[in-house]
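Data from start18.tsv: TSV, C-alpha atoms
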chain	number	residue	atom	x	y	z
A	1	MET	CA	0.00	0.00	0.00
A	2	SER	CA	1.27	3.49	-0.86
A	3	LEU	CA	1.88	6.10	1.84
A	4	PRO	CA	-1.13	8.22	0.74
A	5	GLY	CA	-3.33	5.11	0.77
A	6	PHE	CA	-2.14	4.15	4.24
A	7	LEU	CA	-2.72	7.66	5.57
A	8	LYS	CA	-6.30	7.65	4.25
A	9	LYS	CA	-6.95	4.38	6.10
A	10	ILE	CA	-5.82	5.72	9.45
A	11	ASP	CA	-6.97	9.31	8.97
A	12	PRO	CA	-10.36	9.34	10.77
A	13	LEU	CA	-8.93	7.92	14.01
A	14	CYS	CA	-5.64	9.82	13.88
A	15	SER	CA	-7.39	13.10	13.14
A	16	LYS	CA	-9.71	12.68	16.10
A	17	VAL	CA	-6.84	11.87	18.47
A	18	LEU	CA	-4.13	14.21	17.21
A	19	LEU	CA	-6.01	17.32	16.14
A	20	PRO	CA	-6.60	18.79	19.64
A	21	ALA	CA	-2.90	18.43	20.45
A	22	ALA	CA	-1.91	19.98	17.12
A	23	GLU	CA	-4.21	22.94	17.75
A	24	PHE	CA	-2.81	23.44	21.26
A	25	ILE	CA	0.79	23.37	20.08
A	26	SER	CA	0.19	25.58	17.06
A	27	ARG	CA	-1.81	28.31	18.77
A	28	ARG	CA	0.76	28.66	21.55
A	29	GLY	CA	3.58	28.99	19.07
A	30	PHE	CA	5.75	26.25	20.54
A	31	PHE	CA	7.34	25.63	17.13
A	32	SER	CA	6.86	29.09	15.65
A	33	LYS	CA	10.06	30.44	14.13
A	34	LYS	CA	11.36	33.98	13.87
A	35	LEU	CA	11.96	33.50	10.18
A	36	SER	CA	8.58	33.64	8.48
A	37	LEU	CA	7.49	33.00	4.92
A	38	PRO	CA	4.90	35.56	3.76
A	39	THR	CA	4.31	33.57	0.57
A	40	PRO	CA	1.21	31.47	1.25
A	41	LEU	CA	1.46	27.70	1.33
A	42	ILE	CA	-1.18	25.72	-0.56
A	43	ILE	CA	-1.65	22.14	0.58
A	44	ARG	CA	-2.99	19.93	-2.21
A	45	PRO	CA	-2.78	16.20	-1.53
A	46	GLY	CA	-4.48	14.04	-4.13
A	47	GLY	CA	-4.09	13.16	-7.78
A	48	LEU	CA	-2.93	15.18	-10.73
A	49	GLY	CA	-6.46	16.24	-11.65
A	50	ASP	CA	-6.93	17.98	-8.30
A	51	LEU	CA	-3.78	20.02	-8.81
A	52	VAL	CA	-4.79	21.01	-12.34
A	53	CYS	CA	-8.19	22.17	-11.05
A	54	CYS	CA	-6.43	24.26	-8.39
A	55	HIS	CA	-4.27	25.74	-11.14
A	56	MET	CA	-7.31	26.69	-13.23
A	57	ALA	CA	-9.09	28.10	-10.18
A	58	LEU	CA	-6.18	30.43	-9.37
A	59	GLU	CA	-5.96	31.59	-12.97
A	60	SER	CA	-9.70	32.31	-12.95
A	61	LEU	CA	-8.96	34.76	-10.12
A	62	GLY	CA	-6.12	36.39	-12.05
A	63	LEU	CA	-3.47	34.75	-9.85
A	64	ASP	CA	-0.26	32.97	-10.82
A	65	PRO	CA	0.27	29.53	-9.21
A	66	THR	CA	4.04	30.08	-9.28
A	67	ASP	CA	3.59	32.88	-6.72
A	68	PHE	CA	2.76	30.28	-4.02
A	69	ASN	CA	4.52	27.46	-2.23
A	70	TRP	CA	2.89	24.04	-2.69
A	71	LEU	CA	2.79	20.83	-0.67
A	72	ILE	CA	1.54	18.09	-2.98
A	73	GLU	CA	1.68	14.35	-3.65
A	74	ARG	CA	4.40	12.76	-5.75
A	75	ARG	CA	1.89	11.62	-8.37
A	76	SER	CA	1.11	15.29	-9.12
A	77	ALA	CA	4.72	16.43	-9.36
A	78	ALA	CA	4.97	16.20	-13.15
A	79	TRP	CA	2.39	18.99	-13.56
A	80	ALA	CA	4.02	21.18	-10.92
A	81	ARG	CA	7.44	20.68	-12.48
A	82	HIS	CA	6.13	21.36	-16.00
A	83	HIS	CA	4.68	24.72	-14.93
A	84	GLY	CA	7.49	25.81	-12.63
A	85	PHE	CA	5.70	25.60	-9.28
A	86	SER	CA	7.68	25.93	-6.06
A	87	TYR	CA	6.70	22.62	-4.48
A	88	GLN	CA	7.56	19.72	-2.24
A	89	CYS	CA	5.98	16.26	-2.18
A	90	TYR	CA	4.95	15.23	1.32
A	91	ASP	CA	5.39	11.56	0.43
A	92	GLN	CA	9.03	12.17	-0.58
A	93	MET	CA	10.15	14.59	2.13
A	94	ASN	CA	12.77	13.57	4.69
A	95	LEU	CA	12.83	14.64	8.34
A	96	ARG	CA	15.05	17.64	7.59
A	97	ASP	CA	12.55	18.90	5.01
A	98	TRP	CA	9.70	18.55	7.47
A	99	ALA	CA	11.64	20.27	10.25
A	100	ASP	CA	12.56	23.15	7.96
A	101	GLY	CA	8.90	23.90	7.20
A	102	ILE	CA	7.56	23.79	10.75
A	103	GLY	CA	6.22	27.06	12.17
A	104	LYS	CA	7.16	29.27	9.21
A	105	TYR	CA	4.04	30.13	7.25
A	106	GLU	CA	1.86	33.16	7.91
A	107	THR	CA	-0.93	31.92	5.60
A	108	ILE	CA	-1.83	28.35	4.70
A	109	ILE	CA	-4.65	27.27	2.40
A	110	ASN	CA	-5.58	23.62	2.88
A	111	THR	CA	-7.47	22.44	-0.19
A	112	GLU	CA	-7.98	18.88	1.07
A	113	GLN	CA	-11.71	18.26	1.09
A	114	TYR	CA	-11.95	15.64	3.82
A	115	TYR	CA	-8.89	14.08	5.41
A	116	GLY	CA	-7.91	15.70	8.69
A	117	LEU	CA	-4.23	14.77	8.73
A	118	SER	CA	-3.75	17.50	6.12
A	119	GLN	CA	-5.05	19.99	8.71
A	120	ILE	CA	-2.61	18.68	11.30
A	121	THR	CA	0.20	19.17	8.77
A	122	ALA	CA	-1.02	22.72	8.17
A	123	LEU	CA	-1.06	23.50	11.89
A	124	ALA	CA	2.50	22.21	12.25
A	125	MET	CA	3.71	24.57	9.52
A	126	LEU	CA	1.70	27.58	10.69
A	127	LYS	CA	3.23	30.44	12.66
A	128	LYS	CA	1.64	31.52	15.90
A	129	GLU	CA	-1.26	33.83	14.97
A	130	GLY	CA	-0.99	32.58	11.40
A	131	ARG	CA	-4.09	32.22	9.22
A	132	LEU	CA	-5.36	28.82	8.14
A	133	TYR	CA	-8.18	28.39	5.61
A	134	SER	CA	-9.89	25.17	4.58
A	135	PHE	CA	-13.14	23.55	3.40
A	136	ASP	CA	-16.02	23.08	5.82
A	137	SER	CA	-16.00	19.37	4.94
A	138	ASN	CA	-12.49	18.76	6.31
A	139	LEU	CA	-12.40	16.67	9.48
A	140	GLY	CA	-10.13	19.31	11.01
A	141	LYS	CA	-12.22	22.32	9.98
A	142	ARG	CA	-12.42	23.70	13.52
A	143	ALA	CA	-8.71	24.53	13.38
A	144	ALA	CA	-9.16	27.03	10.54
A	145	ILE	CA	-10.04	30.67	11.08
A	146	CYS	CA	-12.46	30.44	8.17
A	147	ASN	CA	-13.94	27.63	6.11
A	148	SER	CA	-15.29	27.67	2.57
A	149	ARG	CA	-18.26	25.56	1.51
A	150	TYR	CA	-17.83	22.19	-0.15
A	151	SER	CA	-20.31	19.99	-2.01
A	152	GLN	CA	-20.00	16.45	-3.35
A	153	ASN	CA	-21.56	16.53	-6.82
A	154	ASP	CA	-23.39	19.86	-7.11
A	155	ASP	CA	-20.58	22.17	-8.20
A	156	HIS	CA	-17.54	21.85	-10.39
A	157	GLU	CA	-14.30	21.45	-8.45
A	158	THR	CA	-12.72	24.53	-10.03
A	159	VAL	CA	-15.56	26.68	-8.67
A	160	LEU	CA	-15.13	25.31	-5.14
A	161	PHE	CA	-11.35	25.79	-5.24
A	162	ALA	CA	-11.81	29.34	-6.57
A	163	GLU	CA	-14.19	30.20	-3.71
A	164	LEU	CA	-11.67	28.92	-1.16
A	165	PHE	CA	-8.76	30.82	-2.71
A	166	ALA	CA	-10.81	34.01	-3.04
A	167	MET	CA	-11.80	33.86	0.63
A	168	ALA	CA	-8.25	33.19	1.84
A	169	LEU	CA	-6.53	35.72	-0.40
A	170	HIS	CA	-9.24	38.41	-0.23
A	171	VAL	CA	-9.78	38.39	-3.97
A	172	PRO	CA	-13.20	39.26	-5.45
A	173	TYR	CA	-14.99	36.28	-6.95
A	174	SER	CA	-18.60	36.01	-7.96
A	175	GLY	CA	-18.48	32.84	-10.05
A	176	THR	CA	-21.12	30.24	-9.27
A	177	SER	CA	-20.79	28.37	-12.55
A	178	ILE	CA	-18.01	27.14	-14.76
A	179	ALA	CA	-16.13	29.47	-17.07
A	180	PHE	CA	-15.27	27.41	-20.15
A	181	ARG	CA	-11.59	27.31	-21.01
A	182	GLU	CA	-10.47	28.54	-24.41
A	183	ARG	CA	-7.82	26.81	-26.49
A	184	ILE	CA	-4.26	27.81	-25.63
A	185	ILE	CA	-2.52	26.08	-28.56
A	186	ALA	CA	-3.83	25.75	-32.12
A	187	GLU	CA	-5.26	22.34	-32.92
A	188	ARG	CA	-4.02	19.75	-35.38
A	189	ASP	CA	-6.15	17.20	-37.17
A	190	TYR	CA	-5.93	14.17	-34.89
A	191	VAL	CA	-7.73	12.70	-31.90
A	192	LEU	CA	-5.88	11.57	-28.78
A	193	LEU	CA	-7.19	8.45	-27.06
A	194	ALA	CA	-5.77	8.81	-23.54
A	195	LEU	CA	-5.98	5.52	-21.68
A	196	GLY	CA	-6.37	6.07	-17.94
A	197	GLY	CA	-8.11	5.02	-14.76
A	198	GLY	CA	-6.12	1.80	-14.50
A	199	ASP	CA	-5.44	2.18	-10.78
A	200	ALA	CA	-9.15	1.82	-9.88
A	201	PRO	CA	-11.28	-1.28	-10.67
A	202	SER	CA	-14.33	0.88	-11.38
A	203	ARG	CA	-12.43	2.81	-14.06
A	204	ARG	CA	-10.17	0.13	-15.49
A	205	LEU	CA	-11.41	-0.79	-18.98
A	206	THR	CA	-10.34	-3.70	-21.12
A	207	ALA	CA	-8.66	-3.15	-24.48
A	208	VAL	CA	-11.92	-4.17	-26.18
A	209	GLN	CA	-13.89	-1.59	-24.19
A	210	TRP	CA	-11.39	1.14	-25.08
A	211	ALA	CA	-11.51	0.19	-28.74
A	212	ASP	CA	-15.34	0.10	-28.77
A	213	PHE	CA	-15.52	3.50	-27.09
A	214	ALA	CA	-13.02	5.02	-29.53
A	215	LYS	CA	-14.83	3.60	-32.56
A	216	ALA	CA	-18.13	4.98	-31.30
A	217	VAL	CA	-16.96	8.56	-30.81
A	218	VAL	CA	-14.06	9.10	-33.26
A	219	ARG	CA	-14.97	9.87	-36.85
A	220	ASN	CA	-12.56	9.93	-39.82
A	221	ARG	CA	-9.57	11.39	-38.03
A	222	LYS	CA	-6.10	10.18	-37.30
A	223	LEU	CA	-6.03	8.46	-33.92
A	224	ILE	CA	-3.11	8.66	-31.48
A	225	VAL	CA	-3.03	6.56	-28.32
A	226	SER	CA	-1.27	7.37	-25.04
A	227	CYS	CA	-1.33	5.61	-21.70
A	228	SER	CA	-0.03	5.82	-18.16
A	229	VAL	CA	2.04	3.07	-16.59
A	230	LYS	CA	-1.12	1.41	-15.29
A	231	GLU	CA	-2.42	0.72	-18.82
A	232	LYS	CA	0.78	-0.33	-20.61
A	233	ASP	CA	-0.35	-3.96	-20.58
A	234	LEU	CA	-3.25	-3.00	-22.86
A	235	LEU	CA	-1.15	-1.61	-25.70
A	236	GLU	CA	-0.47	-4.83	-27.57
A	237	ASP	CA	-4.18	-5.59	-27.80
A	238	ILE	CA	-4.96	-1.95	-28.65
A	239	LYS	CA	-2.57	-2.18	-31.62
A	240	ILE	CA	-4.54	-5.17	-32.92
A	241	LEU	CA	-7.98	-3.68	-32.27
A	242	LEU	CA	-7.06	-0.20	-33.59
A	243	PRO	CA	-4.42	-1.01	-36.22
A	244	GLU	CA	-4.43	2.48	-37.77
A	245	ALA	CA	-3.67	4.18	-34.45
A	246	GLU	CA	-0.28	5.61	-33.59
A	247	ILE	CA	1.15	4.93	-30.10
A	248	ILE	CA	3.14	7.80	-28.55
A	249	ASP	CA	5.87	7.74	-25.93
A	250	ASN	CA	4.79	7.35	-22.33
A	251	ASP	CA	6.72	10.32	-20.86
A	252	PHE	CA	4.78	13.27	-19.49
A	253	GLU	CA	6.25	15.94	-21.74
A	254	SER	CA	5.37	13.98	-24.89
A	255	PHE	CA	1.88	13.46	-23.54
A	256	ILE	CA	1.36	17.18	-22.83
A	257	LYS	CA	2.67	18.17	-26.25
A	258	CYS	CA	0.35	15.74	-28.00
A	259	LEU	CA	-2.72	16.47	-25.88
A	260	SER	CA	-2.47	20.27	-26.10
A	261	ARG	CA	-2.50	20.12	-29.92
A	262	ALA	CA	-5.21	17.48	-30.34
A	263	ALA	CA	-8.47	18.37	-32.05
A	264	GLN	CA	-10.23	16.17	-29.49
A	265	VAL	CA	-9.32	14.04	-26.47
A	266	VAL	CA	-11.15	10.79	-25.74
A	267	THR	CA	-10.60	9.38	-22.25
A	268	ILE	CA	-12.13	8.17	-19.00
A	269	ASP	CA	-12.62	10.09	-15.75
A	270	SER	CA	-8.94	10.75	-14.98
A	271	GLY	CA	-6.27	13.43	-14.85
A	272	ALA	CA	-6.30	13.66	-18.65
A	273	VAL	CA	-9.77	15.26	-18.48
A	274	HIS	CA	-8.48	18.21	-16.47
A	275	ILE	CA	-5.26	18.62	-18.44
A	276	ALA	CA	-7.38	18.79	-21.59
A	277	SER	CA	-9.63	21.35	-19.88
A	278	TYR	CA	-6.60	23.46	-18.96
A	279	TYR	CA	-5.51	23.61	-22.61
A	280	GLY	CA	-9.08	24.15	-23.83
A	281	VAL	CA	-9.19	20.91	-25.81
A	282	PRO	CA	-12.69	19.48	-26.44
A	283	THR	CA	-12.95	16.23	-24.51
A	284	THR	CA	-15.17	13.18	-24.81
A	285	VAL	CA	-15.06	11.46	-21.43
A	286	LEU	CA	-16.57	8.29	-19.99
A	287	PHE	CA	-17.75	8.53	-16.38
A	288	THR	CA	-18.20	5.27	-14.50
A	289	SER	CA	-18.20	5.55	-10.70
A	290	GLY	CA	-16.99	9.16	-10.67
A	291	GLN	CA	-18.92	12.36	-10.02
A	292	ASP	CA	-19.59	13.80	-13.44
A	293	LYS	CA	-20.80	17.24	-12.34
A	294	LYS	CA	-17.74	17.79	-10.17
A	295	TRP	CA	-15.09	16.51	-12.59
A	296	ALA	CA	-16.60	17.27	-16.01
A	297	PRO	CA	-14.42	18.67	-18.80
A	298	ILE	CA	-14.75	22.44	-19.12
A	299	ALA	CA	-13.46	23.05	-22.63
A	300	GLU	CA	-16.01	24.12	-25.23
A	301	SER	CA	-17.75	21.33	-27.18
A	302	SER	CA	-16.90	18.66	-24.61
A	303	THR	CA	-19.22	15.69	-24.04
A	304	ILE	CA	-19.65	13.25	-21.18
A	305	HIS	CA	-20.79	9.65	-21.58
A	306	LEU	CA	-22.35	7.62	-18.79
A	307	ASN	CA	-24.62	4.67	-18.13
A	308	ASN	CA	-27.90	5.87	-16.65
A	309	GLU	CA	-28.96	2.28	-16.04
A	310	ALA	CA	-26.27	2.01	-13.36
A	311	TYR	CA	-28.56	3.21	-10.58
A	312	CYS	CA	-25.75	3.25	-8.02
A	313	ARG	CA	-23.51	5.74	-9.78
A	314	PRO	CA	-21.82	7.99	-8.90
A	315	CYS	CA	-20.51	6.05	-5.92
A	316	THR	CA	-17.09	7.65	-5.47
A	317	ILE	CA	-16.98	9.78	-2.31
A	318	TRP	CA	-13.90	11.63	-1.05
A	319	GLY	CA	-11.90	10.00	-3.83
A	320	GLN	CA	-12.72	6.50	-2.57
A	321	THR	CA	-14.89	3.89	-4.31
A	322	SER	CA	-16.39	0.99	-2.37
A	323	PRO	CA	-16.30	-2.56	-3.79
A	324	CYS	CA	-18.97	-2.85	-6.48
A	325	LEU	CA	-22.13	-4.91	-5.81
A	326	ASN	CA	-23.56	-4.27	-9.29
A	327	ASN	CA	-20.94	-6.00	-11.47
A	328	TYR	CA	-19.59	-2.63	-12.66
A	329	GLN	CA	-22.68	-1.90	-14.72
A	330	CYS	CA	-21.37	1.65	-15.10
A	331	LYS	CA	-18.61	0.33	-17.41
A	332	ASN	CA	-21.04	-1.22	-19.91
A	333	ILE	CA	-20.02	0.56	-23.11
A	334	ALA	CA	-23.00	-0.81	-25.06
A	335	ILE	CA	-25.60	1.29	-23.22
A	336	LEU	CA	-23.85	4.60	-22.69
A	337	ILE	CA	-25.69	7.85	-23.29
A	338	ALA	CA	-23.98	11.06	-24.32
A	339	LYS	CA	-24.75	14.61	-23.31
A	340	PRO	CA	-22.98	17.93	-23.73
A	341	TYR	CA	-21.71	19.52	-20.56
A	342	SER	CA	-22.96	23.01	-19.79
Could I get this structure in the form of structure tokens?
Amino acid sequence: MSLPGFLKKIDPLCSKVLLPAAEFISRRGFFSKKLSLPTPLIIRPGGLGDLVCCHMALESLGLDPTDFNWLIERRSAAWARHHGFSYQCYDQMNLRDWADGIGKYETIINTEQYYGLSQITALAMLKKEGRLYSFDSNLGKRAAICNSRYSQNDDHETVLFAELFAMALHVPYSGTSIAFRERIIAERDYVLLALGGGDAPSRRLTAVQWADFAKAVVRNRKLIVSCSVKEKDLLEDIKILLPEAEIIDNDFESFIKCLSRAAQVVTIDSGAVHIASYYGVPTTVLFTSGQDKKWAPIAESSTIHLNNEAYCRPCTIWGQTSPCLNNYQCKNIAILIAKPYS
């Protein structure tokens, strides 16, 4: 089990036990240092898609993500590195790194929606009398001086992040709906099939399912296929099922270059959806267990596909999906319906 996965398992109990002590220590400044960092720290544990949504939310407020310090997960580092963020990965830091950050920050914005250990981390890094902002759904919300609202599947994630950032940074924001992203880079005449979701049973498709989905939504255009490490085992079958498709290199920079220029991206609920949104690339996305209103693509002309006969969807809550009791009906490609997102 990965470190983030282990921490999620123990979080509810640890948060309940450790949070009062963390609050006591933080508010009395036991670890507060004379040297302070006025640059706010943004805590963003979670996958790459979460970080991209934070990025878009800051830009919607006219703010530059490189003007902040970031504490993120290793699996999001490629995006932070690509865009020049000042960041550290909590699941790669050594004791010296942790000690160096304790008690230094005047302002911390904790964007973690639920898990309370993130709030304990924030309190450890906060100066005495420092300002901590978070969502009202976080298990450690009482430690913040102000909390922003959070909803499960009623609002797009970029809107919720923008509201939190606006509150913490005292920036005007009146958005209650999604602002569609415009294209950043001119398109070329090909479609990118971005295989993803392989780390979750509810989103892991077979090569046949991927091929059927691509054939259903791609019309008379060159097809390029990319994948993450989790889907590499599908490529040999994909080459047989989609013989005209071109397979690109697996590295992140090649993926970004290809995706940002694509006329269309076809994928599943995954980080590729939000990267495509960032670059304003129209996206056709399959939602299985995931929350389609929260994670929908926000580039113009995007479309979501889902199975309305799967009565139990969406079943993913706080990024976790329970074992399926309905034989993954949500992954049945044959009975998907399509609808534009607006």
Point to revise | Top pick for closest residue to Ile185 (chain A), considering A:Lys128, A:Lys9, A:Arg261, A:His82 and counting all atoms listed in the file | key: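 Selected residue with least distance to Ile185 (chain A): A:Arg261.
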Practice item. Identify, on the basis of only C-alpha atoms, every residue whose closest approach to Gly62 (chain A) does not exceed 10 Å; exclude the query and any residue fewer than 5 positions from it along the same chain; express the result as an NGL selection string. Key: :A and (56-57 or 171)
Distance table requested - region 17-96 of chain A against region 289-312 of chain A, cut-off 10 Å, only C-alpha atoms: one row per qualifying residue with the closest atom pair and its distance in Å to one decimal, ordered by chain and rising residue number, as a tab-separated table.
residue	atom	partner	partner_atom	distance
A:Gly49	CA	A:Trp295	CA	8.7
A:Asp50	CA	A:Trp295	CA	9.3
A:Cys53	CA	A:Trp295	CA	9.1
Mind writing the picked residues with C-alpha atoms as a compact mmCIF listing (two decimals), in the frame of the given file?
# COMPACT_ATOMS: atom_id res chain seq x y z
CA GLY A 49 -6.46 16.24 -11.65
CA ASP A 50 -6.93 17.98 -8.30
CA CYS A 53 -8.19 22.17 -11.05
Exercise for review: Pick out the residues sitting within 9 Å of Lys222 (chain A), and hand them over as a list in words; count only C-alpha atoms, and ignore anything fewer than 6 positions along from it in its own chain.
Suggested key: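 Counting only C-alpha atoms, the residues come to Asp189, Tyr190, Val191, Leu192, Glu244, Ala245 and Glu246 of chain A.
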Selected residues written out with C-alpha atoms, as a compact mmCIF listing (two decimals), keeping the file's coordinate frame:
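part-v8.txt, written as the output of this step:
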# COMPACT_ATOMS: atom_id res chain seq x y z
CA ASP A 189 -6.15 17.20 -37.17
CA TYR A 190 -5.93 14.17 -34.89
CA VAL A 191 -7.73 12.70 -31.90
CA LEU A 192 -5.88 11.57 -28.78
CA GLU A 244 -4.43 2.48 -37.77
CA ALA A 245 -3.67 4.18 -34.45
CA GLU A 246 -0.28 5.61 -33.59
Exercise for review: Just the residues within 10 Å of Gly175 (chain A), please, counting all atoms listed in the file, with nothing from its chain fewer than 5 positions along; format it as a ChimeraX atom specification.
Suggested key: /A:60-61,159-160,162-163
**Study point:** 9 Å contact set for Pro38 (chain A), all atoms listed in the file, chain neighbours under 6 positions out, as a ChimeraX atom specification
**Key:** /A:104-107
**Study point:** Counting all atoms listed in the file, the option among A:Tyr150, A:Asp100, A:Lys331, A:Arg81 closest to Phe252 (chain A)
**Key:**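 Looking only at the distances to Phe252 (chain A), the closest residue turns out to be A:Arg81.
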Check your understanding: Of the candidates A:Val218, A:Leu235, A:Ile42, A:Leu117, which shows the shortest atom-to-atom distance to Thr283 (chain A), using all atoms listed in the file?
Key ->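 Residue with the minimum atom-to-atom distance to Thr283 (chain A): A:Val218.
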Practice item. Would you mind listing what lies within 7 Å of region 262-268 of chain A as a list of chain:residue names, with all atoms listed in the file counted and same-chain residues fewer than 6 positions away left out? Key: A:Glu187, A:Arg188, A:Asp189, A:Tyr190, A:Val191, A:Leu192, A:Leu193, A:Ala194, A:Leu195, A:Gly196, A:Gly197, A:Val281, A:Pro282, A:Thr283, A:Thr284, A:Val285, A:Leu286, A:Phe287
Practice item. Find the residue from A:Ile333, A:Val17, A:Met93, A:Val208 that sits nearest to Leu3 (chain A); use only C-alpha atoms when measuring. Key: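 Ranked by minimum distance to Leu3 (chain A), first place goes to A:Met93.
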Check your understanding: Hey, which of A:Ser202, A:Ser270, A:Thr39, A:Ser148 ends up closest to Cys324 (chain A)? Count all atoms listed in the file.
Key ->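 Smallest distance to Cys324 (chain A) is found for A:Ser202.
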Review point. How many Å lie between CA of Ser134 (chain A) and CA of Gly319 (chain A), rounded to one decimal?
Key: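 We find that CA of Ser134 (chain A) and CA of Gly319 (chain A) lie 17.5 Å from each other.
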Practice item. Up to 10 Å from (-12.0, 22.5, 10.9) in the file's coordinates: name the residues, counting only C-alpha atoms, as a ChimeraX atom specification. Key: /A:19,114,116,119,132-147
